[in-house]
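Asks: Would you mind keeping the following structure in view while I ask a few things?
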Amino acid sequence: MSGARIDDIDAVLPQTQCRQCGYDGCRPYAAAIASGAAEIDRCPPGGEDGVARSAAVVGRAVVPLDRSRGATKPLALAVIDEALCIGCTLCIQACPVDAIVGGAKRMHDVVTELCTGCELCLPPCPVDCIRMVAADFSWDDAQAAQARRRHDARRARLARRRDDVAKPVMPVVSRKQAIIEAAIARAAARRMGRA
């Protein structure tokens, strides 16, 4: 399936990146829909309207939302109880759009303007200091586009980090040995040039 078709499907998904569809974000789900590997009814945050929007893009009949994936709920945002937060960073690692800020052993906070309401920060919290509160606004296409960009940037950053970890690192002793051998070779070449 062409990238443009995947882009079109991805554009109508809500970009909560909640994984309720069974995929690691909205774009992988869009790719699965485009290839025929997934149905258009697996996105609870998109609700019945999302199913209809997806159906229009792919030219399929509208079907009821698959309720086994979860219920469609009003937008809720994560809030961290400062008094209970132990600064474990597990919620930061779980957030698919980098909406949680903080440092190890420091209190964390949610940037509410960036939170998608995915609830992925709830399960890893060992002290249950995160709760979801009703948002006082509705999710719109501009926020979905921002969430998509933040999710893509996070995935790219994590991929670079994995690539950096996977690169073979020359042991310090071998590196020093290589530097010494190169210096000896340069000195020998200079001596040979003088002779």
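Going through the structure tokens in order, the chains are called A, B, and so on, while each chain numbers its residues from 1 and the ligands are numbered from 1 in the order shown.
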Can you pull out every residue within 8 Å of Pro44 of chain A, counting only C-alpha atoms, but drop anything in the same chain fewer than 2 positions away, and send it as a PDB file with N, CA and C atoms, in the first residue's frame?
Replies:
```
ATOM      1  N   GLN A  20      -4.650   0.909  22.200  1.00  0.00           N
ATOM      2  CA  GLN A  20      -5.817   0.058  22.411  1.00  0.00           C
ATOM      3  C   GLN A  20      -6.165  -0.738  21.164  1.00  0.00           C
ATOM      4  N   CYS A  21      -5.732  -0.251  20.015  1.00  0.00           N
ATOM      5  CA  CYS A  21      -5.996  -0.929  18.747  1.00  0.00           C
ATOM      6  C   CYS A  21      -5.151  -2.194  18.596  1.00  0.00           C
ATOM      7  N   ARG A  42     -11.107  -0.489  15.455  1.00  0.00           N
ATOM      8  CA  ARG A  42     -10.332  -0.832  16.644  1.00  0.00           C
ATOM      9  C   ARG A  42      -9.856   0.366  17.461  1.00  0.00           C
ATOM     10  N   GLY A  46     -11.221   7.244  18.932  1.00  0.00           N
ATOM     11  CA  GLY A  46     -11.859   7.810  17.745  1.00  0.00           C
ATOM     12  C   GLY A  46     -13.355   7.621  17.747  1.00  0.00           C
ATOM     13  N   GLY A  47     -13.813   6.588  18.437  1.00  0.00           N
ATOM     14  CA  GLY A  47     -15.243   6.303  18.546  1.00  0.00           C
ATOM     15  C   GLY A  47     -15.891   5.976  17.215  1.00  0.00           C
ATOM     16  N   LEU A  65     -18.075   0.116  16.290  1.00  0.00           N
ATOM     17  CA  LEU A  65     -16.803   0.108  17.003  1.00  0.00           C
ATOM     18  C   LEU A  65     -16.633  -1.206  17.744  1.00  0.00           C
ATOM     19  N   ASP A  66     -15.451  -1.784  17.685  1.00  0.00           N
ATOM     20  CA  ASP A  66     -15.135  -3.017  18.407  1.00  0.00           C
ATOM     21  C   ASP A  66     -14.979  -2.686  19.891  1.00  0.00           C
ATOM     22  N   ARG A  67     -16.004  -2.928  20.673  1.00  0.00           N
ATOM     23  CA  ARG A  67     -16.025  -2.576  22.098  1.00  0.00           C
ATOM     24  C   ARG A  67     -15.046  -3.421  22.929  1.00  0.00           C
ATOM     25  N   ARG A  69     -12.037  -3.524  22.502  1.00  0.00           N
ATOM     26  CA  ARG A  69     -10.806  -2.722  22.579  1.00  0.00           C
ATOM     27  C   ARG A  69     -10.879  -1.660  23.664  1.00  0.00           C
ATOM     28  N   GLY A  70     -12.065  -1.418  24.182  1.00  0.00           N
ATOM     29  CA  GLY A  70     -12.254  -0.392  25.203  1.00  0.00           C
ATOM     30  C   GLY A  70     -13.434   0.478  24.857  1.00  0.00           C
ATOM     31  N   ALA A  71     -13.818   1.290  25.797  1.00  0.00           N
ATOM     32  CA  ALA A  71     -14.967   2.171  25.613  1.00  0.00           C
ATOM     33  C   ALA A  71     -14.505   3.546  25.153  1.00  0.00           C
ATOM     34  N   THR A  72     -15.344   4.195  24.379  1.00  0.00           N
ATOM     35  CA  THR A  72     -15.094   5.575  23.997  1.00  0.00           C
ATOM     36  C   THR A  72     -15.449   6.443  25.200  1.00  0.00           C
ATOM     37  N   LYS A  73     -14.489   7.267  25.612  1.00  0.00           N
ATOM     38  CA  LYS A  73     -14.695   8.109  26.789  1.00  0.00           C
ATOM     39  C   LYS A  73     -14.389   9.556  26.435  1.00  0.00           C
TER      40      LYS A  73
END
```
Asks: Report as a tab-separated table: every residue of segment 12-79 of chain A with an atom at most 10 Å from segment 88-99 of chain A, its closest pair of atoms, and their distance in Å to one decimal, counting only C-alpha atoms, with rows sorted by chain and ascending residue number.
Replies:
```
residue	atom	partner	partner_atom	distance
A:Gln15	CA	A:Val97	CA	9.7
A:Thr16	CA	A:Pro96	CA	8.6
A:Gln17	CA	A:Pro96	CA	6.5
A:Cys18	CA	A:Pro96	CA	8.0
A:Arg19	CA	A:Pro96	CA	9.8
A:Asp24	CA	A:Pro96	CA	9.4
A:Gly25	CA	A:Pro96	CA	8.3
A:Ala78	CA	A:Ala99	CA	9.4
```
Asks: May I ask which of the residues A:Ile184, A:Cys129, A:Ile9, A:Cys85 is the closest one to Gly59 of chain A, counting only C-alpha atoms?
Replies: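 Counting only C-alpha atoms, the residue closest to Gly59 of chain A is A:Ile9.
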Asks: If you count only C-alpha atoms, which residues fall within 9 Å of Arg60 of chain A, apart from same-chain ones fewer than 5 positions away, as a PDB file with C-alpha atoms, in the first residue's frame?
Replies:
```pdb
ATOM      1  CA  ILE A  40     -11.246   0.101  10.863  1.00  0.00           C
ATOM      2  CA  SER A  54     -11.641   5.765   8.417  1.00  0.00           C
ATOM      3  CA  ALA A  55     -14.320   4.032   6.340  1.00  0.00           C
TER       4      ALA A  55
END
```
Asks: Where does DSSP see alpha helix (DSSP H) in segment 100-155 of chain A, if you list the residues as a ChimeraX atom specification?
Replies: /A:141-155
Asks: Please, could you write that set of residues out with N, CA and C atoms as a PDB file, in the first residue's frame?
Replies:
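As written to disk, again_29.pdb reads:
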```pdb
ATOM      1  N   ASP A 141      -8.189  18.633  15.479  1.00  0.00           N
ATOM      2  CA  ASP A 141      -7.208  18.194  14.484  1.00  0.00           C
ATOM      3  C   ASP A 141      -5.826  18.807  14.707  1.00  0.00           C
ATOM      4  N   ALA A 142      -5.772  20.051  15.188  1.00  0.00           N
ATOM      5  CA  ALA A 142      -4.476  20.694  15.443  1.00  0.00           C
ATOM      6  C   ALA A 142      -3.744  19.984  16.580  1.00  0.00           C
ATOM      7  N   GLN A 143      -4.476  19.603  17.630  1.00  0.00           N
ATOM      8  CA  GLN A 143      -3.845  18.873  18.734  1.00  0.00           C
ATOM      9  C   GLN A 143      -3.424  17.481  18.286  1.00  0.00           C
ATOM     10  N   ALA A 144      -4.222  16.862  17.440  1.00  0.00           N
ATOM     11  CA  ALA A 144      -3.862  15.548  16.907  1.00  0.00           C
ATOM     12  C   ALA A 144      -2.580  15.648  16.087  1.00  0.00           C
ATOM     13  N   ALA A 145      -2.456  16.682  15.283  1.00  0.00           N
ATOM     14  CA  ALA A 145      -1.244  16.875  14.474  1.00  0.00           C
ATOM     15  C   ALA A 145      -0.025  17.109  15.372  1.00  0.00           C
ATOM     16  N   GLN A 146      -0.209  17.883  16.442  1.00  0.00           N
ATOM     17  CA  GLN A 146       0.892  18.112  17.377  1.00  0.00           C
ATOM     18  C   GLN A 146       1.288  16.806  18.059  1.00  0.00           C
ATOM     19  N   ALA A 147       0.309  16.019  18.479  1.00  0.00           N
ATOM     20  CA  ALA A 147       0.593  14.741  19.125  1.00  0.00           C
ATOM     21  C   ALA A 147       1.325  13.806  18.160  1.00  0.00           C
ATOM     22  N   ARG A 148       0.944  13.809  16.890  1.00  0.00           N
ATOM     23  CA  ARG A 148       1.616  12.988  15.877  1.00  0.00           C
ATOM     24  C   ARG A 148       3.088  13.397  15.766  1.00  0.00           C
ATOM     25  N   ARG A 149       3.347  14.692  15.686  1.00  0.00           N
ATOM     26  CA  ARG A 149       4.729  15.177  15.576  1.00  0.00           C
ATOM     27  C   ARG A 149       5.540  14.798  16.813  1.00  0.00           C
ATOM     28  N   ARG A 150       4.956  14.960  17.984  1.00  0.00           N
ATOM     29  CA  ARG A 150       5.677  14.629  19.228  1.00  0.00           C
ATOM     30  C   ARG A 150       5.943  13.121  19.307  1.00  0.00           C
ATOM     31  N   HIS A 151       4.958  12.329  18.901  1.00  0.00           N
ATOM     32  CA  HIS A 151       5.135  10.873  18.915  1.00  0.00           C
ATOM     33  C   HIS A 151       6.227  10.458  17.929  1.00  0.00           C
ATOM     34  N   ASP A 152       6.195  11.031  16.735  1.00  0.00           N
ATOM     35  CA  ASP A 152       7.221  10.716  15.727  1.00  0.00           C
ATOM     36  C   ASP A 152       8.610  11.137  16.200  1.00  0.00           C
ATOM     37  N   ALA A 153       8.700  12.306  16.824  1.00  0.00           N
ATOM     38  CA  ALA A 153       9.995  12.788  17.330  1.00  0.00           C
ATOM     39  C   ALA A 153      10.510  11.879  18.441  1.00  0.00           C
ATOM     40  N   ARG A 154       9.625  11.431  19.300  1.00  0.00           N
ATOM     41  CA  ARG A 154      10.031  10.527  20.385  1.00  0.00           C
ATOM     42  C   ARG A 154      10.519   9.191  19.817  1.00  0.00           C
ATOM     43  N   ARG A 155       9.773   8.653  18.861  1.00  0.00           N
ATOM     44  CA  ARG A 155      10.185   7.380  18.254  1.00  0.00           C
ATOM     45  C   ARG A 155      11.539   7.505  17.577  1.00  0.00           C
TER      46      ARG A 155
END
```
Asks: Just to confirm, what's the straight-line distance from atom CA of Cys118 of chain A to atom CA of Gly102 of chain A in Å (one decimal)?
Replies: 18.9 Å
Asks: To test your reading of the structure, identify every residue in segment 49-193 of chain A that backbone DSSP assigns to strand (DSSP E or B), and report it as a ChimeraX atom specification.
Replies: /A:76-80,100-101,109-110,130-134
Asks: With C-alpha atoms retained, write the just-selected residues as a CSV table (one decimal), in the first residue's frame.
Replies:
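Okay, selection_28.csv is ready:
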```csv
chain,number,residue,atom,x,y,z
A,76,ALA,CA,-9.2,13.0,30.2
A,77,LEU,CA,-5.8,14.2,31.1
A,78,ALA,CA,-3.2,12.8,33.5
A,79,VAL,CA,-2.5,14.6,36.7
A,80,ILE,CA,0.3,13.6,39.1
A,100,ILE,CA,5.5,14.2,31.4
A,101,VAL,CA,8.5,16.1,32.6
A,109,ASP,CA,4.5,16.8,36.2
A,110,VAL,CA,2.2,16.5,33.2
A,130,ILE,CA,-1.5,9.5,38.6
A,131,ARG,CA,-5.1,10.0,38.0
A,132,MET,CA,-7.1,11.0,35.0
A,133,VAL,CA,-9.3,14.2,35.2
A,134,ALA,CA,-11.8,15.4,32.7
```
